[in-house]
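This report concerns only the one structure given below.
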Amino acid sequence: MQQTQQDKKERAKRANQEEIAYHQWATFKVNKELYGIDVMKVKEVLRYTDITPVPGAEDYILGIINLRGNVATVIDTRRLFRMQTAAVDDNTRIIMVDYNEEEVIGLVVDSVDEVINIPQNDIERAPNLAAEESGRRFVQGVCYYNKLLTILLDINKIMSSITPASEEELH
């Protein structure tokens with residue numbers, strides 16, 4: 001009888017574990033901090049390449065690159081996050097992300113780390129530490145992975161903040 005009770009508890013525990021939703025995040029570093037974006041949004045990762053500047057663009061827009069015949073805008077994540085700029089080195093990468101069905105955007109990061117699986121219930125809400133919303137407006141949540149704090153970014157919020165408003169939205 002005792003064994004049956006224990007078996008039921010074990011089965012219930014396993015059933016609960018199987019219901020946990022995991023989410024995959026592509027991680028990268030900017031200014032020695034670990035960030036993650038939804039891996040389903042990542043199209044590819046490129047070595048840093050020459051970027052053609054766009055006159056009159058916002059300071060966080062480095063310019064454009066030709067990606068197999070398609071033009072892609074490249075964003076400097078350090079400038080976007082209001083951090084000090086850094087020199088490009090051998091670890092610098094451009095993460096190409098799908099913004100919508102027609103547009104791919106590149107994010108320049110200091111280095112690319114790995115793809116991690118995080119249980120959805122391990123992701124905590126972003127703390128409200130910034131005096132203004134700009135510091136956390138891109139943050140979807142935070143979590144610890146291998147004892148390292150990982151800041152999980154909402155790529156849609158990043159993209160909508162850098163995409164110019166249409167004429168209808170302005171009026």
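Residue numbering restarts at 1 in every chain; chains get A, B, ... in the order shown in the structure tokens, and ligands count up from 1 in that same order.
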Show me, as a compact mmCIF listing (two decimals) with N, CA, C and O atoms, in the first residue's frame, the residues that have an atom within 8 Å of stretch 146-158 of chain A when counting only C-alpha atoms, minus same-chain residues fewer than 2 positions from it.
```txt
# COMPACT_ATOMS: atom_id res chain seq x y z
N TRP A 25 16.21 30.59 -26.02
CA TRP A 25 16.72 31.95 -26.14
C TRP A 25 18.12 31.90 -26.72
O TRP A 25 18.95 31.12 -26.27
N GLU A 33 27.35 42.09 -20.11
CA GLU A 33 26.07 41.61 -19.59
C GLU A 33 25.51 40.57 -20.56
O GLU A 33 25.68 40.71 -21.77
N LEU A 34 24.83 39.56 -20.03
CA LEU A 34 24.26 38.50 -20.86
C LEU A 34 22.80 38.83 -21.17
O LEU A 34 22.01 39.11 -20.27
N TYR A 35 22.47 38.81 -22.45
CA TYR A 35 21.12 39.08 -22.93
C TYR A 35 20.62 37.88 -23.72
O TYR A 35 21.41 37.08 -24.21
N GLY A 36 19.31 37.79 -23.86
CA GLY A 36 18.73 36.73 -24.67
C GLY A 36 17.59 37.27 -25.50
O GLY A 36 16.88 38.19 -25.08
N ILE A 37 17.44 36.70 -26.71
CA ILE A 37 16.28 37.01 -27.55
C ILE A 37 15.68 35.68 -28.01
O ILE A 37 16.38 34.67 -28.09
N ASP A 38 14.41 35.71 -28.31
CA ASP A 38 13.69 34.52 -28.76
C ASP A 38 14.42 33.93 -29.96
O ASP A 38 14.60 34.59 -30.99
N LYS A 41 13.18 34.22 -33.58
CA LYS A 41 13.32 35.48 -34.30
C LYS A 41 14.68 35.61 -35.00
O LYS A 41 14.86 36.47 -35.84
N TYR A 99 12.05 40.88 -38.37
CA TYR A 99 11.18 41.86 -37.73
C TYR A 99 9.74 41.60 -38.14
O TYR A 99 8.85 41.48 -37.33
N ARG A 137 12.32 49.30 -21.16
CA ARG A 137 11.22 49.14 -22.11
C ARG A 137 11.41 47.97 -23.07
O ARG A 137 10.44 47.49 -23.63
N PHE A 138 12.64 47.52 -23.24
CA PHE A 138 12.91 46.40 -24.13
C PHE A 138 12.96 45.07 -23.40
O PHE A 138 13.06 44.02 -24.02
N VAL A 139 12.93 45.09 -22.08
CA VAL A 139 13.12 43.89 -21.29
C VAL A 139 11.80 43.14 -21.11
O VAL A 139 10.81 43.69 -20.64
N GLN A 140 11.82 41.86 -21.49
CA GLN A 140 10.64 41.01 -21.33
C GLN A 140 10.66 40.34 -19.96
O GLN A 140 9.63 40.11 -19.36
N GLY A 141 11.87 40.03 -19.48
CA GLY A 141 12.00 39.39 -18.19
C GLY A 141 13.46 39.11 -17.90
O GLY A 141 14.34 39.42 -18.71
N VAL A 142 13.71 38.52 -16.74
CA VAL A 142 15.07 38.15 -16.36
C VAL A 142 15.04 36.74 -15.77
O VAL A 142 14.01 36.28 -15.29
N CYS A 143 16.18 36.07 -15.83
CA CYS A 143 16.27 34.74 -15.23
C CYS A 143 17.74 34.45 -14.93
O CYS A 143 18.63 35.15 -15.40
N TYR A 144 17.94 33.42 -14.14
CA TYR A 144 19.29 32.95 -13.87
C TYR A 144 19.49 31.64 -14.63
O TYR A 144 18.64 30.76 -14.58
N SER A 160 9.70 47.91 -32.74
CA SER A 160 8.66 48.94 -32.87
C SER A 160 9.15 50.29 -32.38
O SER A 160 8.69 51.33 -32.84
N SER A 161 10.13 50.31 -31.46
CA SER A 161 10.65 51.59 -30.98
C SER A 161 11.58 52.26 -31.99
O SER A 161 11.75 53.47 -31.97
N ILE A 162 12.19 51.47 -32.89
CA ILE A 162 13.12 52.05 -33.85
C ILE A 162 12.52 52.23 -35.22
O ILE A 162 13.11 52.88 -36.08
```
>> Env of stretch 20-23 of chain A: 7 Å cut, atoms = only C-alpha atoms, seq-sep filter 6 positions within chain, self excluded. Answer as a list in words.
In response: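 With the cut-off at 7 Å, the set is Asn117, Ile118, Pro119 and Gln120 of chain A.
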> Which is closest to A:Val45 among A:Arg125, A:Arg82, A:Lys32, A:Arg93, if we use only C-alpha atoms?
Replying inline: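 Of A:Arg125, A:Arg82, A:Lys32, A:Arg93, the one nearest A:Val45, counting only C-alpha atoms, is A:Arg93.
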> Mind pulling up the distance from atom CA of A:Ile75 to atom CA of A:Tyr145?
Replying inline: 26.4 Å
> Among stretch 11-111 of chain A, which ones does DSSP place in helix (DSSP H, G or I), written as a list in words?
Replying inline: Arg11, Ala12, Lys13, Arg14, Ala15, Asn16, Gln17, Glu18, Val39, Met40, Lys41, Thr77, Arg78, Arg79 and Leu80 of chain A
Please produce a file of the residues just selected, as a short mmCIF file (atom, residue, chain, number, x, y, z; two decimals), in the first residue's frame, where the atoms kept are all heavy atoms.
```cif
data_model
loop_
_atom_site.label_atom_id
_atom_site.label_comp_id
_atom_site.auth_asym_id
_atom_site.auth_seq_id
_atom_site.Cartn_x
_atom_site.Cartn_y
_atom_site.Cartn_z
N ARG A 11 4.48 9.68 -10.06
CA ARG A 11 3.81 9.92 -11.35
C ARG A 11 3.25 11.34 -11.42
O ARG A 11 3.35 12.01 -12.45
CB ARG A 11 2.70 8.89 -11.57
CG ARG A 11 3.23 7.63 -12.23
CD ARG A 11 2.11 6.71 -12.65
NE ARG A 11 2.18 5.56 -11.75
CZ ARG A 11 1.19 5.10 -11.01
NH1 ARG A 11 0.01 5.64 -11.06
NH2 ARG A 11 1.37 4.09 -10.21
N ALA A 12 2.67 11.81 -10.33
CA ALA A 12 2.13 13.18 -10.30
C ALA A 12 3.25 14.20 -10.47
O ALA A 12 3.10 15.19 -11.19
CB ALA A 12 1.38 13.41 -8.99
N LYS A 13 4.37 13.94 -9.82
CA LYS A 13 5.52 14.84 -9.94
C LYS A 13 6.03 14.89 -11.38
O LYS A 13 6.29 15.95 -11.93
CB LYS A 13 6.63 14.38 -8.99
CG LYS A 13 7.79 15.33 -8.89
CD LYS A 13 8.80 14.82 -7.88
CE LYS A 13 10.01 15.73 -7.82
NZ LYS A 13 11.02 15.23 -6.90
N ARG A 14 6.15 13.72 -12.01
CA ARG A 14 6.61 13.66 -13.42
C ARG A 14 5.62 14.35 -14.34
O ARG A 14 6.00 15.06 -15.27
CB ARG A 14 6.81 12.22 -13.85
CG ARG A 14 8.17 11.66 -13.48
CD ARG A 14 8.40 10.36 -14.17
NE ARG A 14 7.36 9.42 -13.81
CZ ARG A 14 7.53 8.30 -13.13
NH1 ARG A 14 8.73 7.94 -12.77
NH2 ARG A 14 6.53 7.52 -12.84
N ALA A 15 4.32 14.17 -14.09
CA ALA A 15 3.30 14.81 -14.93
C ALA A 15 3.42 16.32 -14.83
O ALA A 15 3.32 17.03 -15.83
CB ALA A 15 1.91 14.35 -14.51
N ASN A 16 3.65 16.83 -13.62
CA ASN A 16 3.81 18.28 -13.43
C ASN A 16 5.05 18.78 -14.16
O ASN A 16 5.05 19.85 -14.75
CB ASN A 16 3.89 18.63 -11.95
CG ASN A 16 2.55 18.55 -11.27
OD1 ASN A 16 1.52 18.59 -11.92
ND2 ASN A 16 2.57 18.41 -9.95
N GLN A 17 6.13 18.02 -14.11
CA GLN A 17 7.36 18.41 -14.79
C GLN A 17 7.16 18.46 -16.30
O GLN A 17 7.71 19.30 -16.98
CB GLN A 17 8.50 17.46 -14.44
CG GLN A 17 9.01 17.63 -13.03
CD GLN A 17 10.05 16.59 -12.67
OE1 GLN A 17 10.19 15.58 -13.34
NE2 GLN A 17 10.77 16.84 -11.59
N GLU A 18 6.39 17.52 -16.83
CA GLU A 18 6.18 17.48 -18.28
C GLU A 18 5.34 18.65 -18.77
O GLU A 18 5.40 19.02 -19.92
CB GLU A 18 5.51 16.14 -18.66
CG GLU A 18 6.46 14.96 -18.50
CD GLU A 18 5.77 13.62 -18.64
OE1 GLU A 18 4.58 13.60 -19.01
OE2 GLU A 18 6.42 12.61 -18.36
N VAL A 39 14.83 32.68 -29.84
CA VAL A 39 15.62 32.05 -30.90
C VAL A 39 14.82 31.95 -32.21
O VAL A 39 15.41 31.94 -33.29
CB VAL A 39 16.14 30.66 -30.45
CG1 VAL A 39 15.04 29.61 -30.49
CG2 VAL A 39 17.34 30.22 -31.26
N MET A 40 13.50 31.93 -32.13
CA MET A 40 12.67 31.84 -33.34
C MET A 40 12.74 33.12 -34.18
O MET A 40 12.39 33.11 -35.34
CB MET A 40 11.22 31.52 -32.97
CG MET A 40 11.05 30.18 -32.28
SD MET A 40 11.74 28.78 -33.23
CE MET A 40 10.61 28.72 -34.58
N LYS A 41 13.18 34.22 -33.58
CA LYS A 41 13.32 35.48 -34.30
C LYS A 41 14.68 35.61 -35.00
O LYS A 41 14.86 36.47 -35.84
CB LYS A 41 13.14 36.67 -33.34
CG LYS A 41 11.78 36.77 -32.73
CD LYS A 41 10.82 37.34 -33.72
CE LYS A 41 9.48 37.63 -33.06
NZ LYS A 41 8.54 38.16 -34.02
N THR A 77 23.56 47.93 -30.63
CA THR A 77 22.83 47.70 -29.38
C THR A 77 23.39 48.54 -28.24
O THR A 77 22.63 48.96 -27.37
CB THR A 77 22.86 46.21 -28.98
OG1 THR A 77 24.21 45.75 -28.97
CG2 THR A 77 22.03 45.37 -29.91
N ARG A 78 24.68 48.80 -28.24
CA ARG A 78 25.25 49.63 -27.17
C ARG A 78 24.63 51.03 -27.20
O ARG A 78 24.26 51.58 -26.16
CB ARG A 78 26.76 49.73 -27.32
CG ARG A 78 27.49 48.50 -26.83
CD ARG A 78 28.99 48.64 -27.07
NE ARG A 78 29.73 47.64 -26.37
CZ ARG A 78 30.26 47.80 -25.15
NH1 ARG A 78 30.13 48.94 -24.52
NH2 ARG A 78 30.91 46.82 -24.56
N ARG A 79 24.52 51.63 -28.37
CA ARG A 79 23.91 52.97 -28.47
C ARG A 79 22.43 52.92 -28.15
O ARG A 79 21.90 53.81 -27.48
CB ARG A 79 24.13 53.54 -29.86
CG ARG A 79 25.56 53.94 -30.13
CD ARG A 79 25.70 54.56 -31.49
NE ARG A 79 27.09 54.78 -31.85
CZ ARG A 79 27.49 55.09 -33.06
NH1 ARG A 79 26.62 55.24 -34.04
NH2 ARG A 79 28.77 55.28 -33.30
N LEU A 80 21.76 51.88 -28.61
CA LEU A 80 20.34 51.74 -28.36
C LEU A 80 20.06 51.62 -26.86
O LEU A 80 19.10 52.18 -26.35
CB LEU A 80 19.79 50.50 -29.09
CG LEU A 80 18.29 50.28 -29.01
CD1 LEU A 80 17.53 51.40 -29.73
CD2 LEU A 80 17.92 48.94 -29.61
#
```
>> Quick one: residues within 7 Å of stretch 46-59 of chain A, only C-alpha atoms, excluding same-chain residues fewer than 6 positions away - as a PyMOL selection string?
In response: chain A and resi 65+92-95
Residues from the last selection, N, CA and C atoms, saved as a PDB file, in the first residue's frame:
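Result written to part18.pdb:
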```
ATOM      1  N   ILE A  65      23.440  46.952 -44.625  1.00  0.00           N
ATOM      2  CA  ILE A  65      24.303  45.967 -45.270  1.00  0.00           C
ATOM      3  C   ILE A  65      23.496  45.265 -46.352  1.00  0.00           C
ATOM      4  N   THR A  92      32.923  40.389 -32.197  1.00  0.00           N
ATOM      5  CA  THR A  92      31.756  41.196 -32.563  1.00  0.00           C
ATOM      6  C   THR A  92      30.953  40.478 -33.645  1.00  0.00           C
ATOM      7  N   ARG A  93      29.647  40.424 -33.441  1.00  0.00           N
ATOM      8  CA  ARG A  93      28.767  39.748 -34.390  1.00  0.00           C
ATOM      9  C   ARG A  93      27.553  40.625 -34.699  1.00  0.00           C
ATOM     10  N   ILE A  94      26.917  40.288 -35.815  1.00  0.00           N
ATOM     11  CA  ILE A  94      25.651  40.918 -36.183  1.00  0.00           C
ATOM     12  C   ILE A  94      24.599  39.808 -36.161  1.00  0.00           C
ATOM     13  N   ILE A  95      23.642  39.938 -35.253  1.00  0.00           N
ATOM     14  CA  ILE A  95      22.549  38.968 -35.181  1.00  0.00           C
ATOM     15  C   ILE A  95      21.435  39.477 -36.076  1.00  0.00           C
TER      16      ILE A  95
END
```
> Given the choices A:Ala72, A:Leu107, A:Val30, A:Ile116, which gets closest to A:Ala86 if the distance is worked out from only C-alpha atoms?
Replying inline: A:Val30
>> Which residues are near A:Asn31? Cut-off 9 Å, only C-alpha atoms, ignore same chain within fewer than 6 positions. Put them as a ChimeraX atom specification.
In response: /A:78,83-86,109-110
Save out the residues we just selected, N, CA and C atoms, as an mmCIF file, in the first residue's frame.
```cif
data_model
loop_
_atom_site.group_PDB
_atom_site.id
_atom_site.type_symbol
_atom_site.label_atom_id
_atom_site.label_comp_id
_atom_site.auth_asym_id
_atom_site.auth_seq_id
_atom_site.Cartn_x
_atom_site.Cartn_y
_atom_site.Cartn_z
ATOM 1 N N ARG A 78 24.675 48.802 -28.241
ATOM 2 C CA ARG A 78 25.249 49.631 -27.175
ATOM 3 C C ARG A 78 24.632 51.030 -27.199
ATOM 4 N N MET A 83 24.657 52.802 -23.801
ATOM 5 C CA MET A 83 25.921 52.384 -23.192
ATOM 6 C C MET A 83 27.067 53.018 -23.958
ATOM 7 N N GLN A 84 28.238 52.998 -23.355
ATOM 8 C CA GLN A 84 29.429 53.515 -24.014
ATOM 9 C C GLN A 84 29.776 52.606 -25.202
ATOM 10 N N THR A 85 30.159 53.208 -26.316
ATOM 11 C CA THR A 85 30.520 52.412 -27.493
ATOM 12 C C THR A 85 31.841 51.698 -27.257
ATOM 13 N N ALA A 86 32.057 50.634 -28.030
ATOM 14 C CA ALA A 86 33.285 49.850 -27.904
ATOM 15 C C ALA A 86 33.814 49.544 -29.293
ATOM 16 N N VAL A 109 26.364 43.042 -31.620
ATOM 17 C CA VAL A 109 26.595 42.655 -30.230
ATOM 18 C C VAL A 109 28.080 42.382 -30.023
ATOM 19 N N ASP A 110 28.522 42.421 -28.767
ATOM 20 C CA ASP A 110 29.936 42.201 -28.470
ATOM 21 C C ASP A 110 30.359 40.765 -28.768
#
```
> Counting only C-alpha atoms, what is within 10 Å of A:Asn70, bar same-chain residues fewer than 6 positions away, as a list in words?
Replying inline: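 The neighbour list is Ile64, Glu103 and Val104 of chain A.
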>> Just checking: using only C-alpha atoms, which residue out of A:Thr27, A:Leu62, A:Asp113, A:Val97 ends up closest to A:Val74?
In response: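 Among A:Thr27, A:Leu62, A:Asp113, A:Val97, it is A:Leu62 that comes nearest to A:Val74.
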> What gap, in Å, lies between atom CA of A:Met159 and atom CA of A:Asp89?
Replying inline: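 Interatomic distance, atom CA of A:Met159 to atom CA of A:Asp89: 25.4 Å.
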> So how far away is atom CA of A:Leu67 from atom CA of A:Val88, in Å?
Replying inline: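 A separation of 19.8 Å between them.
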